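Everything below belongs to my_file-v8.tsv, which stores TSV, C-alpha atoms and all ligand atoms.
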```tsv
chain	number	residue	atom	x	y	z
A	1	MET	CA	-0.37	-14.66	-16.95
A	2	ASN	CA	1.47	-14.47	-13.63
A	3	SER	CA	1.02	-11.54	-11.28
A	4	LEU	CA	3.96	-9.22	-10.68
A	5	LYS	CA	5.41	-9.16	-7.18
A	6	ILE	CA	7.48	-6.19	-6.08
A	7	GLY	CA	8.32	-6.82	-2.43
A	8	ASP	CA	4.97	-6.98	-0.62
A	9	LEU	CA	3.09	-5.45	-3.56
A	10	ASN	CA	1.09	-7.89	-5.62
A	11	ILE	CA	0.16	-6.54	-9.06
A	12	LYS	CA	-2.53	-8.76	-10.54
A	13	VAL	CA	-1.85	-7.85	-14.17
A	14	PRO	CA	1.90	-7.33	-14.77
A	15	ILE	CA	1.44	-4.11	-16.72
A	16	ILE	CA	2.95	-0.82	-15.60
A	17	GLN	CA	1.59	2.16	-17.45
A	18	GLY	CA	4.50	4.38	-18.47
A	19	GLY	CA	4.66	7.79	-16.79
A	20	MET	CA	4.04	10.35	-19.55
A	21	GLY	CA	4.77	14.03	-19.30
A	22	ILE	CA	3.88	16.75	-19.64
A	23	GLY	CA	0.42	16.17	-18.23
A	24	VAL	CA	-0.29	13.10	-20.39
A	25	SER	CA	-0.52	10.63	-17.50
A	26	LEU	CA	-2.15	12.16	-14.46
A	27	SER	CA	-4.71	10.82	-11.97
A	28	GLY	CA	-7.30	9.96	-14.65
A	29	LEU	CA	-5.20	7.47	-16.58
A	30	ALA	CA	-3.25	6.24	-13.56
A	31	SER	CA	-6.36	5.40	-11.52
A	32	ALA	CA	-8.04	3.68	-14.50
A	33	VAL	CA	-4.96	1.46	-15.01
A	34	ALA	CA	-4.75	0.72	-11.28
A	35	ASN	CA	-8.44	-0.26	-11.31
A	36	GLN	CA	-7.67	-2.88	-13.98
A	37	GLY	CA	-5.00	-4.45	-11.76
A	38	GLY	CA	-1.88	-2.82	-13.24
A	39	ILE	CA	0.26	-0.01	-11.86
A	40	GLY	CA	-1.02	3.44	-12.80
A	41	VAL	CA	1.73	6.04	-13.02
A	42	ILE	CA	1.51	9.82	-12.74
A	43	SER	CA	4.29	11.70	-14.53
A	44	ALA	CA	5.73	14.39	-12.27
A	45	VAL	CA	7.70	16.33	-14.85
A	46	ALA	CA	6.51	19.98	-15.05
A	47	ILE	CA	3.17	18.77	-13.71
A	48	GLY	CA	2.32	22.25	-12.37
A	49	MET	CA	2.39	23.98	-15.78
A	50	THR	CA	-1.38	24.45	-15.75
A	51	GLU	CA	-1.33	26.12	-12.31
A	52	PRO	CA	-1.69	29.92	-12.15
A	53	GLY	CA	1.62	31.63	-11.39
A	54	TYR	CA	3.67	28.67	-12.64
A	55	GLN	CA	6.21	30.93	-14.35
A	56	LYS	CA	7.09	32.58	-11.05
A	57	HIS	CA	6.64	29.66	-8.68
A	58	PHE	CA	7.35	26.58	-10.75
A	59	ARG	CA	8.73	24.55	-7.87
A	60	LYS	CA	5.74	25.18	-5.61
A	61	SER	CA	3.29	24.66	-8.48
A	62	ASN	CA	4.87	21.32	-9.37
A	63	GLN	CA	4.78	20.15	-5.78
A	64	SER	CA	1.16	21.14	-5.16
A	65	ALA	CA	-0.02	19.75	-8.53
A	66	LEU	CA	1.75	16.45	-7.87
A	67	ARG	CA	0.25	16.19	-4.38
A	68	ASN	CA	-3.23	16.92	-5.78
A	69	GLU	CA	-2.93	14.37	-8.56
A	70	ILE	CA	-1.77	11.63	-6.18
A	71	ARG	CA	-4.67	12.41	-3.84
A	72	LYS	CA	-7.17	12.52	-6.73
A	73	ALA	CA	-5.92	9.13	-7.95
A	74	ARG	CA	-6.28	7.66	-4.46
A	75	LEU	CA	-9.92	8.79	-4.35
A	76	LYS	CA	-10.61	6.91	-7.60
A	77	THR	CA	-8.83	3.63	-6.86
A	78	ASN	CA	-7.59	1.28	-4.18
A	79	GLY	CA	-5.09	-0.09	-6.69
A	80	VAL	CA	-1.37	0.49	-7.05
A	81	ILE	CA	-0.28	4.04	-7.87
A	82	GLY	CA	3.20	5.19	-8.85
A	83	VAL	CA	4.97	8.41	-9.77
A	84	ASN	CA	7.56	8.77	-12.54
A	85	ILE	CA	10.26	11.37	-11.88
A	86	MET	CA	13.01	12.29	-14.31
A	87	MET	CA	16.41	12.75	-12.67
A	88	ALA	CA	17.13	15.40	-15.28
A	89	VAL	CA	14.74	17.93	-13.71
A	90	THR	CA	16.03	20.57	-11.30
A	91	ASP	CA	13.26	19.88	-8.74
A	92	PHE	CA	13.83	16.11	-8.65
A	93	ASP	CA	14.43	16.10	-4.87
A	94	ASP	CA	11.20	18.05	-4.17
A	95	LEU	CA	9.11	15.76	-6.36
A	96	LEU	CA	10.58	12.67	-4.73
A	97	ARG	CA	9.93	14.09	-1.26
A	98	VAL	CA	6.26	14.83	-2.10
A	99	SER	CA	5.83	11.31	-3.53
A	100	LEU	CA	7.19	9.79	-0.31
A	101	GLU	CA	5.12	12.10	1.90
A	102	GLU	CA	2.03	11.01	-0.06
A	103	LYS	CA	3.09	7.38	0.38
A	104	VAL	CA	2.82	6.40	-3.28
A	105	ASP	CA	3.33	2.68	-3.80
A	106	VAL	CA	6.06	3.00	-6.40
A	107	VAL	CA	8.52	5.62	-7.65
A	108	ILE	CA	10.06	5.13	-11.09
A	109	ILE	CA	13.19	7.16	-11.72
A	110	GLY	CA	14.13	7.79	-15.35
A	111	ALA	CA	16.47	10.01	-17.41
A	112	GLY	CA	19.56	9.56	-15.27
A	113	LEU	CA	21.22	7.10	-12.91
A	114	PRO	CA	19.92	7.39	-9.34
A	115	LEU	CA	23.15	6.79	-7.43
A	116	LYS	CA	22.71	9.20	-4.51
A	117	VAL	CA	20.04	9.36	-1.82
A	118	PRO	CA	18.85	13.00	-1.92
A	119	ALA	CA	19.89	14.95	1.18
A	120	THR	CA	16.32	16.30	1.49
A	121	ILE	CA	15.15	12.76	2.22
A	122	GLY	CA	18.04	11.19	4.13
A	123	LEU	CA	19.17	7.59	4.23
A	124	SER	CA	17.12	6.42	7.19
A	125	ALA	CA	13.79	7.74	5.79
A	126	PHE	CA	14.77	6.30	2.42
A	127	LYS	CA	15.34	2.85	3.92
A	128	LYS	CA	12.21	2.93	6.09
A	129	THR	CA	9.72	3.93	3.43
A	130	LYS	CA	7.29	1.33	2.06
A	131	THR	CA	7.46	3.04	-1.34
A	132	LYS	CA	9.20	0.83	-3.88
A	133	PHE	CA	12.04	2.25	-5.97
A	134	ILE	CA	12.38	1.29	-9.61
A	135	PRO	CA	15.18	2.88	-11.62
A	136	LYS	CA	14.53	2.98	-15.36
A	137	VAL	CA	17.61	2.33	-17.53
A	138	SER	CA	18.42	1.11	-21.03
A	139	SER	CA	21.22	-1.41	-20.49
A	140	ALA	CA	22.27	-4.23	-18.19
A	141	ARG	CA	25.46	-2.27	-17.55
A	142	ALA	CA	23.56	0.72	-16.14
A	143	ALA	CA	21.36	-1.59	-14.05
A	144	LYS	CA	24.40	-3.31	-12.59
A	145	LEU	CA	26.07	-0.01	-11.80
A	146	ILE	CA	23.08	1.13	-9.73
A	147	PHE	CA	22.79	-2.17	-7.85
A	148	LYS	CA	26.52	-2.27	-7.12
A	149	HIS	CA	26.54	1.33	-5.93
A	150	TRP	CA	23.46	1.02	-3.68
A	151	SER	CA	24.66	-2.26	-2.24
A	152	GLU	CA	28.17	-1.01	-1.43
A	153	LYS	CA	27.17	2.44	-0.25
A	154	TYR	CA	23.76	1.94	1.37
A	155	ASN	CA	23.56	-1.81	1.97
A	156	CYS	CA	20.25	-1.98	0.09
A	157	ILE	CA	19.13	-2.45	-3.51
A	158	PRO	CA	16.25	-1.18	-5.68
A	159	ASP	CA	12.98	-3.14	-5.46
A	160	ALA	CA	12.83	-3.78	-9.21
A	161	ILE	CA	14.49	-2.54	-12.37
A	162	MET	CA	12.85	-1.20	-15.52
A	163	ILE	CA	14.51	-1.64	-18.90
A	164	GLU	CA	13.42	0.72	-21.62
A	165	GLY	CA	14.51	-0.39	-25.08
A	166	ALA	CA	15.16	1.53	-28.28
A	167	LEU	CA	11.56	1.47	-29.59
A	168	ALA	CA	10.02	3.53	-26.79
A	169	GLY	CA	8.39	6.94	-26.93
A	170	GLY	CA	9.79	10.01	-25.21
A	171	HIS	CA	13.42	10.59	-24.26
A	172	LEU	CA	15.63	7.60	-24.93
A	173	GLY	CA	18.72	6.34	-23.16
A	174	PHE	CA	20.57	5.58	-26.39
A	175	LYS	CA	22.69	7.59	-28.79
A	176	LYS	CA	20.95	8.53	-32.05
A	177	LYS	CA	23.31	6.24	-33.98
A	178	GLU	CA	22.41	3.30	-31.72
A	179	LEU	CA	18.72	3.99	-32.31
A	180	GLU	CA	19.13	4.05	-36.06
A	181	ASN	CA	21.10	0.83	-35.93
A	182	PRO	CA	20.27	-0.98	-32.65
A	183	GLN	CA	22.97	-3.38	-31.47
A	184	SER	CA	20.77	-5.37	-29.08
A	185	SER	CA	17.06	-6.20	-29.02
A	186	LEU	CA	14.96	-5.57	-25.92
A	187	SER	CA	14.87	-9.35	-25.28
A	188	GLU	CA	18.67	-9.48	-25.30
A	189	ILE	CA	18.96	-6.57	-22.87
A	190	VAL	CA	16.37	-8.20	-20.60
A	191	LYS	CA	18.29	-11.48	-20.56
A	192	GLU	CA	21.56	-9.68	-19.81
A	193	THR	CA	19.91	-7.71	-17.00
A	194	VAL	CA	18.31	-10.77	-15.40
A	195	ASP	CA	21.76	-12.32	-15.45
A	196	ALA	CA	23.57	-9.22	-14.17
A	197	ILE	CA	21.37	-8.72	-11.11
A	198	SER	CA	21.00	-12.39	-10.13
A	199	ILE	CA	24.03	-12.01	-7.86
A	200	TYR	CA	22.07	-9.41	-5.84
A	201	GLU	CA	18.99	-11.63	-5.68
A	202	ARG	CA	21.18	-14.26	-4.02
A	203	GLN	CA	22.95	-11.77	-1.77
A	204	TYR	CA	19.71	-10.16	-0.54
A	205	GLY	CA	17.60	-13.35	-0.65
A	206	ARG	CA	14.75	-11.90	-2.69
A	207	GLU	CA	13.50	-11.71	-6.21
A	208	ILE	CA	14.17	-8.54	-8.20
A	209	PRO	CA	11.68	-8.24	-11.04
A	210	VAL	CA	12.89	-6.94	-14.38
A	211	ILE	CA	10.19	-4.89	-16.08
A	212	ALA	CA	10.65	-4.23	-19.78
A	213	GLY	CA	9.20	-1.86	-22.33
A	214	GLY	CA	9.69	0.16	-25.45
A	215	GLY	CA	7.60	-1.05	-28.36
A	216	ILE	CA	5.42	-3.38	-26.26
A	217	TYR	CA	1.98	-2.72	-27.71
A	218	THR	CA	0.08	-5.99	-28.07
A	219	GLY	CA	-0.49	-9.03	-25.89
A	220	LYS	CA	1.82	-10.88	-28.26
A	221	ASP	CA	4.64	-8.37	-27.63
A	222	MET	CA	4.01	-8.81	-23.93
A	223	TYR	CA	4.06	-12.59	-24.11
A	224	ASN	CA	7.36	-12.58	-26.02
A	225	ILE	CA	9.18	-10.29	-23.61
A	226	ILE	CA	7.90	-12.18	-20.56
A	227	ASN	CA	9.21	-15.34	-22.20
A	228	ALA	CA	12.58	-13.64	-22.50
A	229	GLY	CA	12.71	-13.24	-18.70
A	230	ALA	CA	10.79	-10.05	-17.89
A	231	SER	CA	8.38	-10.23	-14.94
A	232	GLY	CA	6.24	-7.41	-16.24
A	233	VAL	CA	5.97	-4.78	-18.95
A	234	VAL	CA	5.84	-1.01	-19.17
A	235	MET	CA	3.51	0.42	-21.81
A	236	GLY	CA	3.17	4.10	-22.53
A	237	THR	CA	2.16	4.60	-26.17
A	238	ARG	CA	-0.67	2.06	-25.97
A	239	PHE	CA	-2.44	4.02	-23.22
A	240	VAL	CA	-2.36	7.45	-24.89
A	241	THR	CA	-5.38	6.67	-27.06
A	242	THR	CA	-7.65	5.78	-24.17
A	243	GLU	CA	-10.63	7.82	-23.00
A	244	GLU	CA	-9.13	8.10	-19.54
A	245	CYS	CA	-5.76	9.43	-20.71
A	246	ASP	CA	-5.45	12.97	-19.34
A	247	VAL	CA	-4.25	14.60	-22.56
A	248	SER	CA	-6.34	16.57	-25.11
A	249	GLU	CA	-8.33	14.73	-27.79
A	250	LYS	CA	-6.20	16.41	-30.49
A	251	PHE	CA	-3.12	14.70	-29.04
A	252	LYS	CA	-4.86	11.31	-29.16
A	253	LEU	CA	-6.02	11.95	-32.73
A	254	ASN	CA	-2.45	12.85	-33.68
A	255	TYR	CA	-1.56	9.25	-32.78
A	256	ILE	CA	-4.56	7.77	-34.59
A	257	ASN	CA	-3.87	9.78	-37.76
A	258	SER	CA	-0.15	9.01	-37.83
A	259	SER	CA	1.55	6.55	-40.14
A	260	LYS	CA	4.66	4.48	-39.49
A	261	ASP	CA	6.87	6.98	-41.38
A	262	ASP	CA	5.64	9.93	-39.31
A	263	ILE	CA	7.40	8.62	-36.22
A	264	THR	CA	10.85	10.11	-36.04
A	265	LEU	CA	13.76	11.13	-33.80
A	266	ILE	CA	14.83	14.59	-32.65
A	267	SER	CA	17.65	15.84	-30.42
A	268	SER	CA	16.18	17.21	-27.21
A	269	PRO	CA	17.68	19.90	-24.96
A	270	VAL	CA	17.63	17.20	-22.22
A	271	GLY	CA	20.73	15.93	-23.99
A	272	LEU	CA	19.03	12.76	-25.21
A	273	PRO	CA	17.27	11.82	-28.42
A	274	GLY	CA	13.48	11.87	-28.29
A	275	ARG	CA	10.94	9.98	-30.37
A	276	VAL	CA	8.08	12.11	-31.68
A	277	ILE	CA	5.38	12.31	-34.35
A	278	THR	CA	6.55	14.63	-37.08
A	279	ASN	CA	4.86	17.89	-38.11
A	280	ASP	CA	5.99	21.28	-39.44
A	281	PHE	CA	7.43	22.27	-36.06
A	282	VAL	CA	9.53	19.07	-35.95
A	283	GLU	CA	10.69	19.50	-39.55
A	284	GLU	CA	11.79	23.06	-38.80
A	285	ILE	CA	13.78	21.91	-35.78
A	286	LYS	CA	15.43	19.24	-37.90
A	287	GLN	CA	16.37	21.87	-40.45
A	288	GLY	CA	18.08	23.81	-37.67
A	289	LYS	CA	15.56	26.65	-37.33
A	290	GLN	CA	15.79	28.51	-34.03
A	291	LYS	CA	12.52	28.71	-32.05
A	292	PRO	CA	11.91	31.49	-29.52
A	293	VAL	CA	13.04	30.37	-26.05
A	294	LYS	CA	11.88	32.32	-23.00
A	295	CYS	CA	13.05	30.51	-19.91
A	296	ALA	CA	11.33	31.81	-16.78
A	297	TRP	CA	12.57	28.90	-14.73
A	298	LYS	CA	15.30	26.35	-15.34
A	299	CYS	CA	13.47	23.03	-15.39
A	300	LEU	CA	16.30	20.85	-16.72
A	301	LYS	CA	19.68	20.42	-15.07
A	302	THR	CA	21.36	19.99	-18.46
A	303	CYS	CA	19.64	22.76	-20.42
A	304	ASP	CA	21.43	26.00	-21.26
A	305	TYR	CA	18.45	28.03	-22.41
A	306	LYS	CA	20.64	30.63	-24.11
A	307	LYS	CA	22.01	28.00	-26.44
A	308	VAL	CA	19.12	25.59	-27.09
A	309	GLN	CA	17.14	25.58	-30.31
A	310	PHE	CA	13.73	25.23	-28.66
A	311	CYS	CA	12.20	24.75	-25.22
A	312	VAL	CA	11.21	21.10	-24.88
A	313	ALA	CA	8.92	21.75	-21.89
A	314	GLU	CA	6.93	24.39	-23.82
A	315	ALA	CA	6.80	22.25	-26.97
A	316	LEU	CA	5.47	19.21	-25.08
A	317	TYR	CA	3.06	21.29	-23.01
A	318	ASN	CA	1.68	23.01	-26.13
A	319	ALA	CA	1.04	19.63	-27.77
A	320	THR	CA	-0.65	18.35	-24.63
A	321	GLN	CA	-3.07	21.26	-24.99
A	322	GLY	CA	-3.63	20.44	-28.67
A	323	ASN	CA	-1.36	23.19	-30.06
A	324	PHE	CA	0.77	21.46	-32.69
A	325	GLN	CA	1.85	24.71	-34.37
A	326	GLN	CA	4.21	25.23	-31.46
A	327	GLY	CA	4.79	21.72	-30.27
A	328	PHE	CA	4.93	17.98	-30.92
A	329	SER	CA	3.89	14.81	-29.22
A	330	PHE	CA	6.26	12.21	-27.91
A	331	ALA	CA	5.30	8.77	-29.20
A	332	GLY	CA	6.68	5.24	-29.40
A	333	THR	CA	7.44	3.43	-32.67
A	334	LYS	CA	4.07	1.70	-32.54
A	335	ALA	CA	1.90	4.81	-32.09
A	336	TYR	CA	0.62	4.47	-35.67
A	337	MET	CA	-1.11	1.21	-34.68
A	338	ALA	CA	-3.83	3.08	-32.77
A	339	GLU	CA	-7.10	2.97	-34.69
A	340	LYS	CA	-9.56	4.59	-32.30
A	341	ILE	CA	-9.97	5.89	-28.80
A	342	THR	CA	-10.86	3.03	-26.45
A	343	THR	CA	-11.28	2.66	-22.70
A	344	VAL	CA	-8.52	1.41	-20.42
A	345	LYS	CA	-10.68	-1.63	-19.62
A	346	GLU	CA	-11.02	-2.49	-23.34
A	347	THR	CA	-7.27	-2.07	-23.73
A	348	PHE	CA	-6.53	-4.43	-20.84
A	349	ASP	CA	-9.10	-6.97	-22.10
A	350	SER	CA	-7.59	-6.99	-25.58
A	351	ILE	CA	-3.99	-7.30	-24.31
A	352	LYS	CA	-4.97	-10.17	-21.99
A	353	LYS	CA	-6.85	-11.94	-24.79
A	354	GLU	CA	-3.92	-11.66	-27.21
A	355	TYR	CA	-1.53	-12.82	-24.49
A	356	LEU	CA	-3.64	-15.93	-23.81
A	357	GLN	CA	-3.85	-16.69	-27.53
A	358	GLU	CA	-0.05	-16.68	-27.72
A	359	GLU	CA	0.19	-18.87	-24.64
A	360	ASN	CA	-2.30	-21.35	-26.12
A	361	LYS	CA	-0.45	-21.38	-29.44
A	362	TYR	CA	2.75	-22.22	-27.61
A	363	GLU	CA	1.12	-25.01	-25.59
A	364	LEU	CA	-0.42	-26.48	-28.75
A	365	SER	CA	2.96	-26.39	-30.47
A	366	LEU	CA	4.40	-28.46	-27.61
A	367	MET	CA	1.70	-31.09	-28.08
A	368	ALA	CA	2.13	-31.26	-31.88
B	1	LIG	C1	3.85	10.74	-24.62
B	1	LIG	C2	4.97	10.13	-23.81
B	1	LIG	C3	5.52	10.85	-22.76
B	1	LIG	C4	6.51	10.28	-21.96
B	1	LIG	N1	7.00	10.98	-20.90
B	1	LIG	C5	7.91	10.42	-20.06
B	1	LIG	C6	8.36	11.10	-18.89
B	1	LIG	O1	7.92	12.22	-18.60
B	1	LIG	N2	9.30	10.50	-18.11
B	1	LIG	C7	9.79	9.24	-18.40
B	1	LIG	O2	10.64	8.73	-17.65
B	1	LIG	N3	9.35	8.57	-19.48
B	1	LIG	C8	8.41	9.11	-20.30
B	1	LIG	N4	7.93	8.40	-21.38
B	1	LIG	C9	8.34	6.97	-21.54
B	1	LIG	C10	7.31	6.03	-20.86
B	1	LIG	O3	7.30	6.21	-19.46
B	1	LIG	C11	7.58	4.55	-21.16
B	1	LIG	O4	8.83	4.18	-20.63
B	1	LIG	C12	7.53	4.28	-22.65
B	1	LIG	O5	6.38	4.92	-23.17
B	1	LIG	C13	7.48	2.81	-22.99
B	1	LIG	O6	7.56	2.60	-24.38
B	1	LIG	P1	6.27	2.62	-25.37
B	1	LIG	O7	5.90	4.05	-25.52
B	1	LIG	O8	6.77	2.02	-26.62
B	1	LIG	O9	5.19	1.83	-24.71
B	1	LIG	C14	6.97	8.96	-22.22
B	1	LIG	C15	6.42	8.25	-23.30
B	1	LIG	C16	5.43	8.82	-24.09
B	1	LIG	C17	4.84	8.01	-25.22
```

Written as structure tokens, that's how I'd like the structure from this file.
Ligand SMILES: Cc1cc2nc3c(=O)[nH]c(=O)nc-3n(C[C@H](O)[C@H](O)[C@H](O)COP(=O)(O)O)c2cc1C
Amino acid sequence: MNSLKIGDLNIKVPIIQGGMGIGVSLSGLASAVANQGGIGVISAVAIGMTEPGYQKHFRKSNQSALRNEIRKARLKTNGVIGVNIMMAVTDFDDLLRVSLEEKVDVVIIGAGLPLKVPATIGLSAFKKTKTKFIPKVSSARAAKLIFKHWSEKYNCIPDAIMIEGALAGGHLGFKKKELENPQSSLSEIVKETVDAISIYERQYGREIPVIAGGGIYTGKDMYNIINAGASGVVMGTRFVTTEECDVSEKFKLNYINSSKDDITLISSPVGLPGRVITNDFVEEIKQGKQKPVKCAWKCLKTCDYKKVQFCVAEALYNATQGNFQQGFSFAGTKAYMAEKITTVKETFDSIKKEYLQEENKYELSLMA
């Protein structure tokens, strides 16, 4: 298994743990993953929801909680730590600024196309920072658009690109119809992306790793997608059922007790489909039942709280705390594969073992 190089960062095991909100991946999980040689990622979305006074001061609470979690992670590891920020949130610029001030190694930007350098940061600070930028998109077309725009406008390009395919957990960058009947596999999108950005690798004289995820659960999945041209993988669902994952035990058990058919799609107020584990709350949403929405702050750029059917931030937060009467958990298509709660080290060991088995099988097949 080759290490993953992102500029001057050398990631021994090419696994990036997916940033998982709200409060699913914080310093506990991120530092444990970083200690195993991967990239541990803190999810910044609504991270301050547990802070007192959040309803009144959500921006400040999110900033201070993010700063604390980054610092706590740094105390537990010397490994590589990243922050995942959704472009769809109204305090995106603040969260990015805090991440840069705290000198995180990597920022992953999802749920939107990062085409503009935020004014609160400024182009020169943006270009000088050692923090690596990794946009997360779902097609080669979107990847190319970002590279073209950054290159023409700012004379620089992202440090890597993350492709999230149709099988992932959480919000998805596909239309519901595309998810029900996917046109391209993750391998195909990876190949197209490698091809689409190669022109920028030549222009800027450096390698741009393509990191791929969405349904990558085993070492075999990882081996196959790396063979298709990815330099690393992103795995979210697999890390939920670890001891170190920052979410409640009830949330982890919800994964373990789920079956393949329990994993389903909903329409989220973010304006994207989301993949979740079903329960009564989810079924009621699907039947069109209105849930009470009290919006004390506007967390999503796209959400009109007077019109939405439910508050996605509250629903996800409630589930994080183990309250599934008023919430649901995001989960990838393979969440049902979890059998028990394990440690992050055991998870890494098993993925590496399976990966090596696949590699050996392939080498043996060449000799046969
Ligand atoms: C519980 C959960 C919460 C997630 N929350 C976020 C999030 O806040 N922001 C984001 O960009 N992606 C989020 N994701 C997506 C992950 O970062 C990652 O891209 C995805 O989990 C990879 O697919 P997999 O779940 O099949 O491994 C979430 C995924 C899960 C399972």

Task: Top pick for closest residue to Leu115 in chain A, considering A:Pro158, A:Gly232, A:Gly82, A:Gly219 and counting all atoms listed in the file - done: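 Of the candidates, the smallest distance to Leu115 in chain A is held by A:Pro158.
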
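We find CA of Lys191 in chain A and CA of Ser3 in chain A to be spaced 19.6 Å apart.
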
Task: Distance in Å - CA of His57 in chain A versus CA of Pro118 in chain A - done: 21.7 Å

Open item on the list: Hey, which residues sit close to ligand LIG 1 (chain B)? Say within 7 Å, counting only C-alpha atoms and all ligand atoms, and write them as a ChimeraX atom specification.
Closed with: /A:18-22,24,43,45,84-86,109-111,164,167-171,213-217,234-238,329-334

Open item on the list: With only C-alpha atoms as the counted atoms, please give the residues lying no more than 9 Å from Glu207 in chain A, apart from itself and same-chain residues fewer than 2 positions off, as a list of chain:residue names.
Closed with: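 Listed by chain and then number, they are A:Lys5, A:Ile6, A:Gly7, A:Asp159, A:Ala160, A:Ser198, A:Tyr200, A:Glu201, A:Arg202, A:Tyr204, A:Gly205, A:Pro209.
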
Find the spatial neighbours of range 89-93 of chain A, counting only C-alpha atoms, within a cut-off of 10 Å - ignore same-chain residues fewer than 5 positions away - and output them as a short mmCIF file (atom, residue, chain, number, x, y, z; two decimals) with C-alpha atoms, in the frame of the given file.
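Result saved to out_6.cif:
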```cif
data_model
loop_
_atom_site.label_atom_id
_atom_site.label_comp_id
_atom_site.auth_asym_id
_atom_site.auth_seq_id
_atom_site.Cartn_x
_atom_site.Cartn_y
_atom_site.Cartn_z
CA ALA A 44 5.73 14.39 -12.27
CA VAL A 45 7.70 16.33 -14.85
CA ALA A 46 6.51 19.98 -15.05
CA PHE A 58 7.35 26.58 -10.75
CA ARG A 59 8.73 24.55 -7.87
CA LYS A 60 5.74 25.18 -5.61
CA ASN A 62 4.87 21.32 -9.37
CA GLN A 63 4.78 20.15 -5.78
CA VAL A 98 6.26 14.83 -2.10
CA SER A 99 5.83 11.31 -3.53
CA ILE A 109 13.19 7.16 -11.72
CA ALA A 111 16.47 10.01 -17.41
CA GLY A 112 19.56 9.56 -15.27
CA VAL A 117 20.04 9.36 -1.82
CA PRO A 118 18.85 13.00 -1.92
CA ALA A 119 19.89 14.95 1.18
CA THR A 120 16.32 16.30 1.49
CA ILE A 121 15.15 12.76 2.22
CA VAL A 270 17.63 17.20 -22.22
CA TRP A 297 12.57 28.90 -14.73
CA LYS A 298 15.30 26.35 -15.34
CA CYS A 299 13.47 23.03 -15.39
CA LEU A 300 16.30 20.85 -16.72
CA LYS A 301 19.68 20.42 -15.07
CA THR A 302 21.36 19.99 -18.46
CA CYS A 303 19.64 22.76 -20.42
#
```

Centre and size of axis-aligned box enclosing range 128-135 of chain A plus 8 Å each side, as JSON:
```
{"center_x": 11.2, "center_y": 2.4, "center_z": -2.8, "size_x": 23.9, "size_y": 19.1, "size_z": 33.7}
```

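CA of Thr241 in chain A is positioned 7.3 Å from CA of Tyr255 in chain A.
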
Can you tell me, as a tab-separated table (two decimals) with C-alpha atoms, in the coordinates of the input, which residues sit within 10 Å of (5.3, 21.6, -24.4) in the file's frame, using all atoms listed in the file?
```
chain	number	residue	atom	x	y	z
A	21	GLY	CA	4.77	14.03	-19.30
A	22	ILE	CA	3.88	16.75	-19.64
A	23	GLY	CA	0.42	16.17	-18.23
A	46	ALA	CA	6.51	19.98	-15.05
A	49	MET	CA	2.39	23.98	-15.78
A	311	CYS	CA	12.20	24.75	-25.22
A	312	VAL	CA	11.21	21.10	-24.88
A	313	ALA	CA	8.92	21.75	-21.89
A	314	GLU	CA	6.93	24.39	-23.82
A	315	ALA	CA	6.80	22.25	-26.97
A	316	LEU	CA	5.47	19.21	-25.08
A	317	TYR	CA	3.06	21.29	-23.01
A	318	ASN	CA	1.68	23.01	-26.13
A	319	ALA	CA	1.04	19.63	-27.77
A	320	THR	CA	-0.65	18.35	-24.63
A	321	GLN	CA	-3.07	21.26	-24.99
A	322	GLY	CA	-3.63	20.44	-28.67
A	323	ASN	CA	-1.36	23.19	-30.06
A	324	PHE	CA	0.77	21.46	-32.69
A	326	GLN	CA	4.21	25.23	-31.46
A	327	GLY	CA	4.79	21.72	-30.27
A	328	PHE	CA	4.93	17.98	-30.92
A	329	SER	CA	3.89	14.81	-29.22
```

TODO: Around the point (-2.6, -4.4, -20.3), in the coordinates given by the file, pick out the residues reaching within 8 Å, counting all atoms listed in the file, and return them as a list in words.
DONE: Val13, Pro14, Ile15, Gly38, Gly219, Met235, Thr347, Phe348, Asp349, Ser350, Ile351 and Lys352 of chain A

- [ ] Pick out the closest residue to Pro292 in chain A from this set: A:Phe310, A:Phe133, A:Tyr362, A:Tyr223. Count all atoms listed in the file.
- [x]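 When distances to Pro292 in chain A are compared using all atoms listed in the file, the smallest one comes from A:Phe310.
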
My structure is short of atoms at range 221-227 of chain A; please model N, CA and C atoms there, returning them as an mmCIF file, in the coordinates of the input.
```cif
data_model
loop_
_atom_site.group_PDB
_atom_site.id
_atom_site.type_symbol
_atom_site.label_atom_id
_atom_site.label_comp_id
_atom_site.auth_asym_id
_atom_site.auth_seq_id
_atom_site.Cartn_x
_atom_site.Cartn_y
_atom_site.Cartn_z
ATOM 1 N N ASP A 221 3.364 -8.994 -28.028
ATOM 2 C CA ASP A 221 4.640 -8.370 -27.630
ATOM 3 C C ASP A 221 4.925 -8.691 -26.159
ATOM 4 N N MET A 222 3.861 -8.597 -25.371
ATOM 5 C CA MET A 222 4.010 -8.810 -23.930
ATOM 6 C C MET A 222 4.426 -10.255 -23.633
ATOM 7 N N TYR A 223 3.758 -11.169 -24.307
ATOM 8 C CA TYR A 223 4.060 -12.590 -24.110
ATOM 9 C C TYR A 223 5.535 -12.872 -24.461
ATOM 10 N N ASN A 224 5.983 -12.314 -25.571
ATOM 11 C CA ASN A 224 7.360 -12.580 -26.020
ATOM 12 C C ASN A 224 8.393 -12.048 -25.032
ATOM 13 N N ILE A 225 8.151 -10.867 -24.486
ATOM 14 C CA ILE A 225 9.180 -10.290 -23.610
ATOM 15 C C ILE A 225 9.151 -10.966 -22.236
ATOM 16 N N ILE A 226 7.973 -11.430 -21.825
ATOM 17 C CA ILE A 226 7.900 -12.180 -20.560
ATOM 18 C C ILE A 226 8.611 -13.521 -20.725
ATOM 19 N N ASN A 227 8.481 -14.092 -21.912
ATOM 20 C CA ASN A 227 9.210 -15.340 -22.200
ATOM 21 C C ASN A 227 10.708 -15.149 -22.193
#
```
